[in-house]
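Trainee: One structure, pasted below without further comment.
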Amino acid sequence: MKKIVFLASVAFILNSCVVSTAAKVVKGAVNVSYKAVKGTVNGISWAVSKAKGKIDEDRLDGTWKVVGAYKGSFEDFTNDQNPQSSFTSDCTEGFDQIIFKAKKSKFKPVHCSSEKEDWVKYAMEFGKNPVTKEKENYIEYNSNNYISVIDVNNKTMVLEGNLMPKLAFSGSKLYLLEKVK
């Protein structure tokens, strides 16, 4: 009889521990996912938080396809409960892209894949951005033009600034790019 009562007590305690731990894990996962992702564009998640610390310049290397544009700044985006991407490409063949060659510190500005653009020299810095006055990763080109690098991973990159002048007039400042190659 004592064994049955003991086993029942142990089973009850273990069951309640498992349930409360599972509830904490689910609640924690919901909080983390809300802070880490906010909206999707063509199945690609927009990262909400800025990279912590310096981003390795080699992460920029390659061809990046523009898949989304947000009308507003990064600060506006983080406060927006339902951000909408407002990007439509004018390219009839190919797609809007930017190409980085990190080893040579140069890039080709956003253009349709069929158009030819000149290479532009840049310097990637981590420090106080002269435009935003915040400590962040940014690209300086043509001596006083700046693009903030919000975050980069092996699939996506989020940039803020005058990346596409044709969209900047409509208020677009935040861009989601997907790695092509």
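Each chain in the structure tokens gets a letter, A, B and so on, in the order shown; residues start at 1 in every chain, and ligands are counted from 1 in the order they appear.
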Could you give me, as a count of residues only, the residues within 8 Å of Leu159 (chain A), counting only C-alpha atoms and dropping anything in the same chain fewer than 6 positions from it?

Mentor: 9

Trainee: Using DSSP on the backbone, list every residue of region 38-181 of chain A that comes out as strand (DSSP E or B), and give them as a PyMOL selection string.

Mentor: chain A and resi 38-41+44-47+62-72+85+96-101+106-112+120-128+135-141+145-152+156-161+172-179

Trainee: Which residues come within 8 Å of region 118-122 of chain A, counting only C-alpha atoms, excluding same-chain residues fewer than 5 positions away, as a PDB file with N, CA and C atoms, in the first residue's frame?

Mentor:
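Result file is part08.pdb:
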ATOM      1  N   SER A 105      36.018  45.509 -51.330  1.00  0.00           N
ATOM      2  CA  SER A 105      35.236  46.611 -50.747  1.00  0.00           C
ATOM      3  C   SER A 105      34.552  47.446 -51.819  1.00  0.00           C
ATOM      4  N   LYS A 106      33.805  46.766 -52.680  1.00  0.00           N
ATOM      5  CA  LYS A 106      33.022  47.477 -53.690  1.00  0.00           C
ATOM      6  C   LYS A 106      31.713  46.753 -53.927  1.00  0.00           C
ATOM      7  N   PHE A 107      30.740  47.514 -54.428  1.00  0.00           N
ATOM      8  CA  PHE A 107      29.439  46.939 -54.728  1.00  0.00           C
ATOM      9  C   PHE A 107      28.841  47.597 -55.954  1.00  0.00           C
ATOM     10  N   LYS A 108      27.910  46.875 -56.575  1.00  0.00           N
ATOM     11  CA  LYS A 108      27.121  47.438 -57.669  1.00  0.00           C
ATOM     12  C   LYS A 108      25.784  47.812 -57.067  1.00  0.00           C
ATOM     13  N   PRO A 109      25.363  49.065 -57.223  1.00  0.00           N
ATOM     14  CA  PRO A 109      24.080  49.487 -56.649  1.00  0.00           C
ATOM     15  C   PRO A 109      22.917  48.669 -57.199  1.00  0.00           C
ATOM     16  N   ILE A 139      27.480  51.194 -43.983  1.00  0.00           N
ATOM     17  CA  ILE A 139      28.321  51.260 -45.169  1.00  0.00           C
ATOM     18  C   ILE A 139      28.390  52.731 -45.581  1.00  0.00           C
ATOM     19  N   GLU A 140      29.619  53.216 -45.789  1.00  0.00           N
ATOM     20  CA  GLU A 140      29.815  54.580 -46.289  1.00  0.00           C
ATOM     21  C   GLU A 140      30.354  54.477 -47.713  1.00  0.00           C
ATOM     22  N   TYR A 141      29.714  55.219 -48.626  1.00  0.00           N
ATOM     23  CA  TYR A 141      30.184  55.234 -50.007  1.00  0.00           C
ATOM     24  C   TYR A 141      30.043  56.641 -50.570  1.00  0.00           C
ATOM     25  N   ASN A 142      30.804  56.940 -51.589  1.00  0.00           N
ATOM     26  CA  ASN A 142      30.829  58.281 -52.205  1.00  0.00           C
ATOM     27  C   ASN A 142      30.996  59.378 -51.157  1.00  0.00           C
TER      28      ASN A 142
END

Trainee: As an exercise, work out the distance from CA of Trp64 (chain A) to CA of Met164 (chain A) in Å and give it to one decimal place.

Mentor: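 CA of Met164 (chain A) lies at a distance of 13.4 Å from CA of Trp64 (chain A).
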